[in-house]
$ cat final36.cif   # mmCIF, C-alpha atoms
data_start
#
loop_
_atom_site.label_atom_id
_atom_site.label_comp_id
_atom_site.auth_asym_id
_atom_site.auth_seq_id
_atom_site.Cartn_x
_atom_site.Cartn_y
_atom_site.Cartn_z
CA MET A 1 -26.00 12.36 -10.81
CA THR A 2 -25.38 9.01 -12.47
CA ASP A 3 -25.74 5.70 -10.66
CA ARG A 4 -21.96 5.30 -10.79
CA ALA A 5 -21.44 8.75 -9.23
CA VAL A 6 -23.91 7.97 -6.43
CA GLU A 7 -22.15 4.68 -5.74
CA GLN A 8 -18.75 6.40 -5.73
CA GLN A 9 -19.88 9.09 -3.29
CA ALA A 10 -21.14 6.36 -0.96
CA ALA A 11 -17.74 4.65 -1.22
CA ILE A 12 -16.03 7.95 -0.33
CA ASP A 13 -18.26 8.34 2.72
CA GLU A 14 -17.39 4.83 3.86
CA PHE A 15 -13.67 5.32 3.25
CA LEU A 16 -13.51 8.63 5.13
CA ASP A 17 -15.53 7.16 7.98
CA LEU A 18 -12.84 4.50 8.45
CA LEU A 19 -10.34 7.27 9.23
CA ARG A 20 -12.48 8.71 12.04
CA LEU A 21 -10.89 6.76 14.86
CA GLN A 22 -12.18 6.79 18.42
CA ARG A 23 -10.06 7.35 21.51
CA GLN A 24 -10.27 4.71 24.22
CA GLY A 25 -7.83 5.05 27.07
CA ASP A 26 -4.32 5.23 25.62
CA VAL A 27 -5.18 3.80 22.19
CA TRP A 28 -7.09 4.81 19.07
CA LEU A 29 -9.70 2.32 17.89
CA GLY A 30 -10.91 1.74 14.35
CA ARG A 31 -12.26 -0.93 12.08
CA THR A 32 -10.87 -2.38 8.87
CA PRO A 33 -13.04 -2.65 5.73
CA ASP A 34 -14.22 -5.95 4.30
CA TRP A 35 -14.07 -4.74 0.66
CA TYR A 36 -10.89 -6.70 -0.13
CA GLY A 37 -11.89 -10.00 1.42
CA PRO A 38 -10.19 -11.56 4.45
CA VAL A 39 -6.93 -9.58 4.09
CA VAL A 40 -6.85 -5.77 3.82
CA PHE A 41 -4.91 -3.98 1.07
CA GLY A 42 -1.73 -2.46 2.50
CA GLY A 43 -2.64 1.06 1.45
CA VAL A 44 -5.74 0.99 3.66
CA SER A 45 -3.64 -0.24 6.59
CA LEU A 46 -1.18 2.61 6.03
CA ALA A 47 -3.97 5.20 5.83
CA LEU A 48 -5.52 3.98 9.08
CA THR A 49 -2.17 3.91 10.89
CA LEU A 50 -1.31 7.38 9.63
CA SER A 51 -4.69 8.67 10.74
CA ALA A 52 -3.87 7.48 14.26
CA ALA A 53 -0.32 8.86 14.14
CA CYS A 54 -1.36 12.30 12.94
CA ARG A 55 -3.92 12.67 15.71
CA GLU A 56 -0.99 13.03 18.09
CA ALA A 57 1.18 15.21 15.83
CA PRO A 58 2.88 18.15 17.56
CA PRO A 59 0.93 21.39 17.00
CA GLY A 60 1.81 23.18 13.77
CA SER A 61 3.79 20.24 12.36
CA ARG A 62 3.10 17.78 9.58
CA LEU A 63 4.27 14.27 8.79
CA HIS A 64 7.32 14.24 6.52
CA SER A 65 8.34 10.57 6.62
CA LEU A 66 7.22 7.11 7.62
CA HIS A 67 8.92 3.75 7.87
CA ALA A 68 6.60 0.78 8.30
CA HIS A 69 6.95 -2.97 8.70
CA PHE A 70 4.05 -5.30 7.90
CA LEU A 71 4.27 -7.97 10.62
CA ARG A 72 1.09 -9.95 10.03
CA PRO A 73 -1.78 -9.82 7.53
CA VAL A 74 -4.33 -7.19 8.52
CA GLN A 75 -7.71 -8.92 8.69
CA GLY A 76 -10.70 -7.29 7.02
CA GLY A 77 -13.91 -6.38 8.82
CA ARG A 78 -12.19 -6.49 12.21
CA ASP A 79 -11.37 -4.05 14.98
CA ILE A 80 -7.89 -2.56 14.98
CA ALA A 81 -6.13 -0.61 17.75
CA PHE A 82 -3.30 1.90 17.48
CA ARG A 83 -0.88 2.89 20.21
CA SER A 84 1.48 5.85 19.70
CA ASP A 85 4.65 6.35 21.74
CA VAL A 86 6.96 9.35 21.57
CA VAL A 87 10.52 8.24 20.74
CA LYS A 88 11.98 11.74 20.48
CA ALA A 89 10.35 15.11 21.11
CA GLY A 90 12.86 17.50 19.55
CA ARG A 91 12.50 21.19 18.84
CA THR A 92 12.64 20.61 15.07
CA PHE A 93 11.81 16.95 14.51
CA CYS A 94 9.57 14.66 16.56
CA LEU A 95 9.63 10.88 16.13
CA HIS A 96 6.68 8.70 17.12
CA LEU A 97 6.36 4.91 17.07
CA VAL A 98 2.88 3.65 16.19
CA THR A 99 1.87 0.01 16.66
CA ALA A 100 -1.30 -1.34 15.06
CA SER A 101 -2.74 -4.48 16.65
CA GLN A 102 -5.56 -6.92 16.07
CA ASP A 103 -6.52 -9.44 18.77
CA ASP A 104 -3.65 -8.06 20.89
CA LYS A 105 -1.08 -9.06 18.23
CA PRO A 106 0.95 -6.38 16.40
CA VAL A 107 0.25 -6.28 12.67
CA ILE A 108 2.11 -3.07 11.71
CA THR A 109 4.85 -1.01 13.34
CA MET A 110 5.50 2.44 11.92
CA THR A 111 7.87 5.23 12.86
CA CYS A 112 6.51 8.65 11.94
CA SER A 113 8.59 11.83 11.87
CA PHE A 114 6.94 15.25 12.16
CA THR A 115 8.38 18.67 11.43
CA THR A 116 7.55 22.11 10.06
CA ASP A 117 8.56 23.29 6.59
CA ALA A 118 11.28 25.90 6.16
CA ASP A 119 12.41 28.07 3.26
CA GLY A 120 15.46 26.91 1.33
CA TYR A 121 16.53 25.20 -1.87
CA VAL A 122 13.79 24.15 -4.29
CA TYR A 123 14.66 21.44 -6.84
CA ASP A 124 12.73 18.62 -8.50
CA LEU A 125 14.08 15.79 -10.62
CA SER A 126 12.42 16.22 -14.05
CA GLY A 127 8.69 16.76 -14.29
CA ILE A 128 5.76 14.89 -15.80
CA PRO A 129 7.20 12.53 -18.45
CA TYR A 130 6.64 13.77 -21.98
CA ASP A 131 4.65 10.66 -22.97
CA VAL A 132 2.11 10.98 -20.12
CA PRO A 133 -1.14 12.65 -21.21
CA PRO A 134 -3.16 14.71 -18.69
CA PRO A 135 -6.03 12.91 -16.97
CA GLY A 136 -8.64 14.78 -19.00
CA GLU A 137 -7.38 13.09 -22.16
CA LEU A 138 -7.64 9.57 -20.73
CA PRO A 139 -10.80 7.43 -20.57
CA GLU A 140 -12.49 6.61 -17.33
CA PRO A 141 -11.96 3.01 -16.18
CA ASP A 142 -14.57 0.43 -17.04
CA ASP A 143 -16.16 -0.56 -13.74
CA ILE A 144 -18.75 -2.86 -15.27
CA GLY A 145 -19.01 -5.94 -13.11
CA GLU A 146 -16.71 -4.45 -10.47
CA GLU A 147 -17.33 -2.54 -7.26
CA VAL A 148 -16.89 1.21 -7.73
CA GLY A 149 -14.30 2.48 -5.26
CA PRO A 150 -13.79 5.95 -3.77
CA TRP A 151 -10.98 7.01 -6.12
CA ASP A 152 -11.13 8.64 -9.54
CA VAL A 153 -8.39 6.91 -11.56
CA ARG A 154 -6.89 7.12 -15.05
CA TRP A 155 -4.68 4.13 -15.81
CA LEU A 156 -1.55 4.58 -17.91
CA GLY A 157 0.19 1.24 -17.52
CA PRO A 158 3.96 0.67 -17.72
CA SER A 159 6.32 2.53 -20.04
CA PRO A 160 7.51 0.72 -23.19
CA LEU A 161 10.22 -1.91 -23.06
CA ARG A 162 13.74 -0.64 -23.60
CA PRO A 163 16.23 -2.55 -25.78
CA ASP A 164 17.74 -4.27 -22.73
CA GLY A 165 14.34 -5.56 -21.58
CA THR A 166 13.88 -3.12 -18.70
CA ARG A 167 11.32 -0.32 -18.29
CA GLU A 168 11.60 3.26 -17.09
CA ALA A 169 8.28 2.82 -15.26
CA THR A 170 6.50 -0.40 -14.35
CA HIS A 171 3.24 1.18 -13.15
CA ARG A 172 1.67 4.62 -13.73
CA HIS A 173 -1.70 6.19 -13.04
CA TRP A 174 -3.42 9.50 -12.28
CA PHE A 175 -5.67 9.56 -9.22
CA ARG A 176 -7.70 11.83 -6.96
CA LEU A 177 -10.55 11.61 -4.49
CA PRO A 178 -13.46 13.16 -6.45
CA ARG A 179 -14.85 15.29 -3.65
CA THR A 180 -13.68 18.62 -2.27
CA LEU A 181 -12.21 17.91 1.13
CA GLY A 182 -11.44 20.29 3.95
CA ASP A 183 -8.04 21.82 4.62
CA ASP A 184 -6.91 19.39 7.34
CA PRO A 185 -3.36 18.49 6.19
CA HIS A 186 -3.36 15.29 8.24
CA LEU A 187 -6.41 13.94 6.38
CA HIS A 188 -4.73 14.56 3.03
CA THR A 189 -1.53 12.93 4.32
CA ALA A 190 -3.40 9.80 5.41
CA LEU A 191 -5.06 9.56 2.00
CA LEU A 192 -1.73 10.07 0.26
CA GLY A 193 -0.27 7.36 2.48
CA TYR A 194 -2.80 5.00 0.92
CA ALA A 195 -1.54 5.97 -2.52
CA THR A 196 2.11 5.32 -1.71
CA ASP A 197 1.25 1.60 -1.57
CA TRP A 198 -0.84 1.77 -4.76
CA THR A 199 1.86 0.25 -6.93
CA GLY A 200 -0.18 -2.45 -8.67
CA ILE A 201 2.03 -5.24 -10.00
CA GLY A 202 4.83 -2.79 -10.77
CA GLY A 203 7.19 -4.61 -8.42
CA ARG A 204 7.21 -7.69 -10.66
CA PRO A 205 8.31 -6.37 -14.09
CA LEU A 206 8.75 -9.82 -15.66
CA HIS A 207 5.08 -10.62 -15.06
CA LEU A 208 3.00 -7.46 -15.49
CA GLU A 209 -0.19 -9.33 -16.33
CA GLY A 210 -2.70 -10.71 -13.86
CA ASP A 211 -3.16 -9.68 -10.25
CA THR A 212 -1.03 -9.11 -7.16
CA GLU A 213 -1.23 -12.71 -5.92
CA GLY A 214 2.12 -13.81 -4.55
CA MET A 215 3.26 -10.23 -3.79
CA ILE A 216 3.48 -9.69 -0.02
CA SER A 217 4.68 -6.35 1.37
CA LEU A 218 7.49 -6.63 3.92
CA ASP A 219 8.40 -3.02 4.64
CA HIS A 220 7.49 0.39 3.30
CA ALA A 221 8.98 3.88 3.49
CA ALA A 222 7.48 7.14 2.27
CA TRP A 223 8.47 10.80 2.34
CA PHE A 224 6.02 13.70 2.05
CA HIS A 225 7.95 16.56 0.51
CA ARG A 226 5.25 19.19 0.08
CA PRO A 227 1.76 19.86 1.40
CA VAL A 228 -0.64 18.19 -0.99
CA ARG A 229 -4.35 17.78 -1.59
CA ALA A 230 -5.72 14.31 -2.28
CA ASP A 231 -8.76 15.85 -3.99
CA GLU A 232 -6.62 17.18 -6.86
CA TRP A 233 -5.09 15.13 -9.69
CA LEU A 234 -1.82 13.40 -8.79
CA LEU A 235 0.43 11.16 -10.90
CA GLN A 236 1.86 7.94 -9.47
CA ASP A 237 5.05 6.67 -11.20
CA VAL A 238 6.59 3.38 -10.03
CA GLN A 239 9.97 1.90 -10.98
CA SER A 240 11.02 -1.64 -10.11
CA LEU A 241 14.69 -1.70 -9.14
CA VAL A 242 15.50 -5.36 -8.57
CA ASN A 243 13.99 -8.82 -8.20
CA ALA A 244 16.43 -11.15 -6.43
CA GLY A 245 16.52 -13.64 -3.57
CA GLY A 246 12.76 -14.15 -3.74
CA ARG A 247 12.15 -10.47 -2.99
CA GLY A 248 11.54 -7.33 -5.01
CA THR A 249 12.34 -3.69 -4.31
CA LEU A 250 10.66 -0.75 -5.99
CA ARG A 251 10.65 3.01 -5.68
CA GLY A 252 8.23 5.63 -6.89
CA VAL A 253 7.22 9.25 -6.92
CA ILE A 254 3.91 11.08 -6.80
CA ARG A 255 3.71 14.38 -8.69
CA ASN A 256 1.07 17.07 -8.77
CA ALA A 257 -0.37 18.35 -12.04
CA GLN A 258 2.44 20.94 -12.26
CA GLY A 259 5.06 18.17 -12.21
CA GLN A 260 6.34 18.86 -8.70
CA ILE A 261 7.20 15.82 -6.59
CA VAL A 262 4.92 15.82 -3.55
CA ALA A 263 5.83 12.37 -2.20
CA SER A 264 8.20 9.48 -2.84
CA MET A 265 8.33 5.92 -1.59
CA ALA A 266 10.33 2.69 -1.48
CA GLN A 267 9.09 -0.80 -0.73
CA GLU A 268 10.36 -4.35 -0.44
CA MET A 269 8.07 -7.33 -0.97
CA LEU A 270 8.15 -11.08 -0.99
CA LEU A 271 7.66 -12.41 -4.54
CA VAL A 272 6.20 -15.85 -5.05
CA PRO A 273 6.63 -16.91 -8.71
CA VAL A 274 3.42 -17.05 -10.75
CA THR A 275 2.52 -20.57 -11.81
CA ALA A 276 0.57 -21.30 -14.98
#

$ encode --input "final36.cif" --output "structure tokens"
Amino acid sequence: MTDRAVEQQAAIDEFLDLLRLQRQGDVWLGRTPDWYGPVVFGGVSLALTLSAACREAPPGSRLHSLHAHFLRPVQGGRDIAFRSDVVKAGRTFCLHLVTASQDDKPVITMTCSFTTDADGYVYDLSGIPYDVPPPGELPEPDDIGEEVGPWDVRWLGPSPLRPDGTREATHRHWFRLPRTLGDDPHLHTALLGYATDWTGIGGRPLHLEGDTEGMISLDHAAWFHRPVRADEWLLQDVQSLVNAGGRGTLRGVIRNAQGQIVASMAQEMLLVPVTA
């Protein structure tokens, strides 16, 4: 095993350990990572909150949608507590409200809806775009000088500019967790929840260079259409819809290697203009 592979497996261990929350009274307790500096990446916050939510999922059900609001920055390397309240316990759909707090202040509120899958219509909008090569034909990212994370990624970048100056996609990449995981659907859902926020700088199509500075998530919605495994290759495809009023709204889909849509998302963020 190469040094990079050893480092990546250690990162996977650390990431999965974050999702092993502990019960204390009527809340679930966890800890945020310090990998990202003082403020945690939104995808990690979503994964932790989903891990708490799914621990109280009705038996035999799975999460099919979430709607989250980011209230305050989630601080890295700090304790975080999750409280789950049942809003509706229906026979088909159950709605829970999960509140994540640090220092007794709410940082995220999330409604989570659980249900069971039923047979019916099967339809997907398109498949894998014709210009997207499979992950095996793409080079591994160059991690020289950077910390190796838990994910195996193949970057594709945005689609080409169209004549009117817009793009079909503003961010695209293949991803998977390079370790065979168990069959717990809630673990895979929490990991996929991380990915729904993995939109890079795709929400700011007029400035696709640089980093995510000045992009602050306000709210986030995601739908989980099919059972999915986070340890198999998935394709993230993001489309920026509008930048106006100092905010940006994007949408995206995640497809499996067969082109089926396994999840979709929408997000609004605050956009602070990049200064030279």

$ resolve_selection --input "final36.cif" --expression "the PyMOL selection byres ((chain A and resi 53) around 12)" --output "MDAnalysis selection string"
chainID A and resid 19 21 27:28 46:52 54:58 62:63 65:66 81:86 94:100 109:114 186:187 189:190 193

$ axis_aligned_box --input "final36.cif" --around "segment 169-176 of chain A" --padding-each-side "6 Å" --output "lines of an AutoDock Vina configuration file"
center_x = 0.3
center_y = 5.7
center_z = -11.1
size_x = 28.0
size_y = 24.2
size_z = 20.3

$ atom_distance --input "final36.cif" --atom1 "atom CA of Phe93 of chain A" --atom2 "atom CA of His67 of chain A"
15.1 Å

$ residues_around --input "final36.cif" --residues "Ser217 of chain A" --least-positions-apart "6" --cutoff "7 Å" --atoms "all atoms listed in the file" --output "PyMOL selection string"
chain A and resi 70+268-270

$ resolve_selection --input "final36.cif" --expression "the PyMOL selection byres ((chain A and resi 272) around 6)" --output "number ranges by chain"
A: 214, 271, 273

$ closest_residue --input "final36.cif" --among "A:Glu168, A:Asp103, A:Asp34, A:Glu14" --to "Asp237 of chain A" --atoms "all atoms listed in the file"
A:Glu168

$ resolve_selection --input "final36.cif" --expression "the PyMOL selection byres ((chain A and resi 233) around 6)" --output "PyMOL selection string"
chain A and resi 175-176+232+234

$ residues_around --input "final36.cif" --residues "segment 221-223 of chain A" --least-positions-apart "3" --cutoff "7 Å" --atoms "only C-alpha atoms" --output "VMD selection string"
chain A and resid 64 to 68 196 263 to 267

$ closest_residue --input "final36.cif" --among "A:Arg179, A:Ala89, A:His69, A:Gln24" --to "Val6 of chain A" --atoms "all atoms listed in the file"
A:Arg179

$ residues_around --input "final36.cif" --residues "Gly37 of chain A" --least-positions-apart "2" --cutoff "12 Å" --atoms "all atoms listed in the file" --output "list of chain:residue names"
A:Thr32, A:Pro33, A:Asp34, A:Trp35, A:Val39, A:Val40, A:Phe41, A:Pro73, A:Val74, A:Gln75, A:Gly76, A:Gly77, A:Arg78

$ closest_residue --input "final36.cif" --among "A:Thr199, A:Thr180, A:Ser101, A:Thr170" --to "Gly43 of chain A" --atoms "all atoms listed in the file"
A:Thr199

$ closest_residue --input "final36.cif" --among "A:Asp17, A:Asp3, A:Asp124, A:Asp26" --to "Arg255 of chain A" --atoms "all atoms listed in the file"
A:Asp124

$ residues_near_point --input "final36.cif" --point "(-16.9, 2.0, -4.5)" --cutoff "9 Å" --atoms "only C-alpha atoms" --output "list in words"
Arg4, Glu7, Gln8, Gln9, Ala10, Ala11, Ile12, Glu14, Trp35, Glu146, Glu147, Val148, Gly149, Pro150 and Trp151 of chain A

$ atom_distance --input "final36.cif" --atom1 "atom CA of Gly127 of chain A" --atom2 "atom CA of Leu241 of chain A"
20.1 Å

$ atom_distance --input "final36.cif" --atom1 "atom CA of Gly248 of chain A" --atom2 "atom CA of Pro205 of chain A"
9.7 Å

$ closest_residue --input "final36.cif" --among "A:Trp174, A:Asp183, A:Asp79, A:Val87" --to "Asp104 of chain A" --atoms "only C-alpha atoms"
A:Asp79

$ closest_residue --input "final36.cif" --among "A:Ser126, A:Gln239, A:Arg229, A:Asp164" --to "Ile201 of chain A" --atoms "all atoms listed in the file"
A:Gln239

$ residues_around --input "final36.cif" --residues "Pro158 of chain A" --least-positions-apart "5" --cutoff "8 Å" --atoms "all atoms listed in the file" --output "VMD selection string"
chain A and resid 167 169 to 172 202
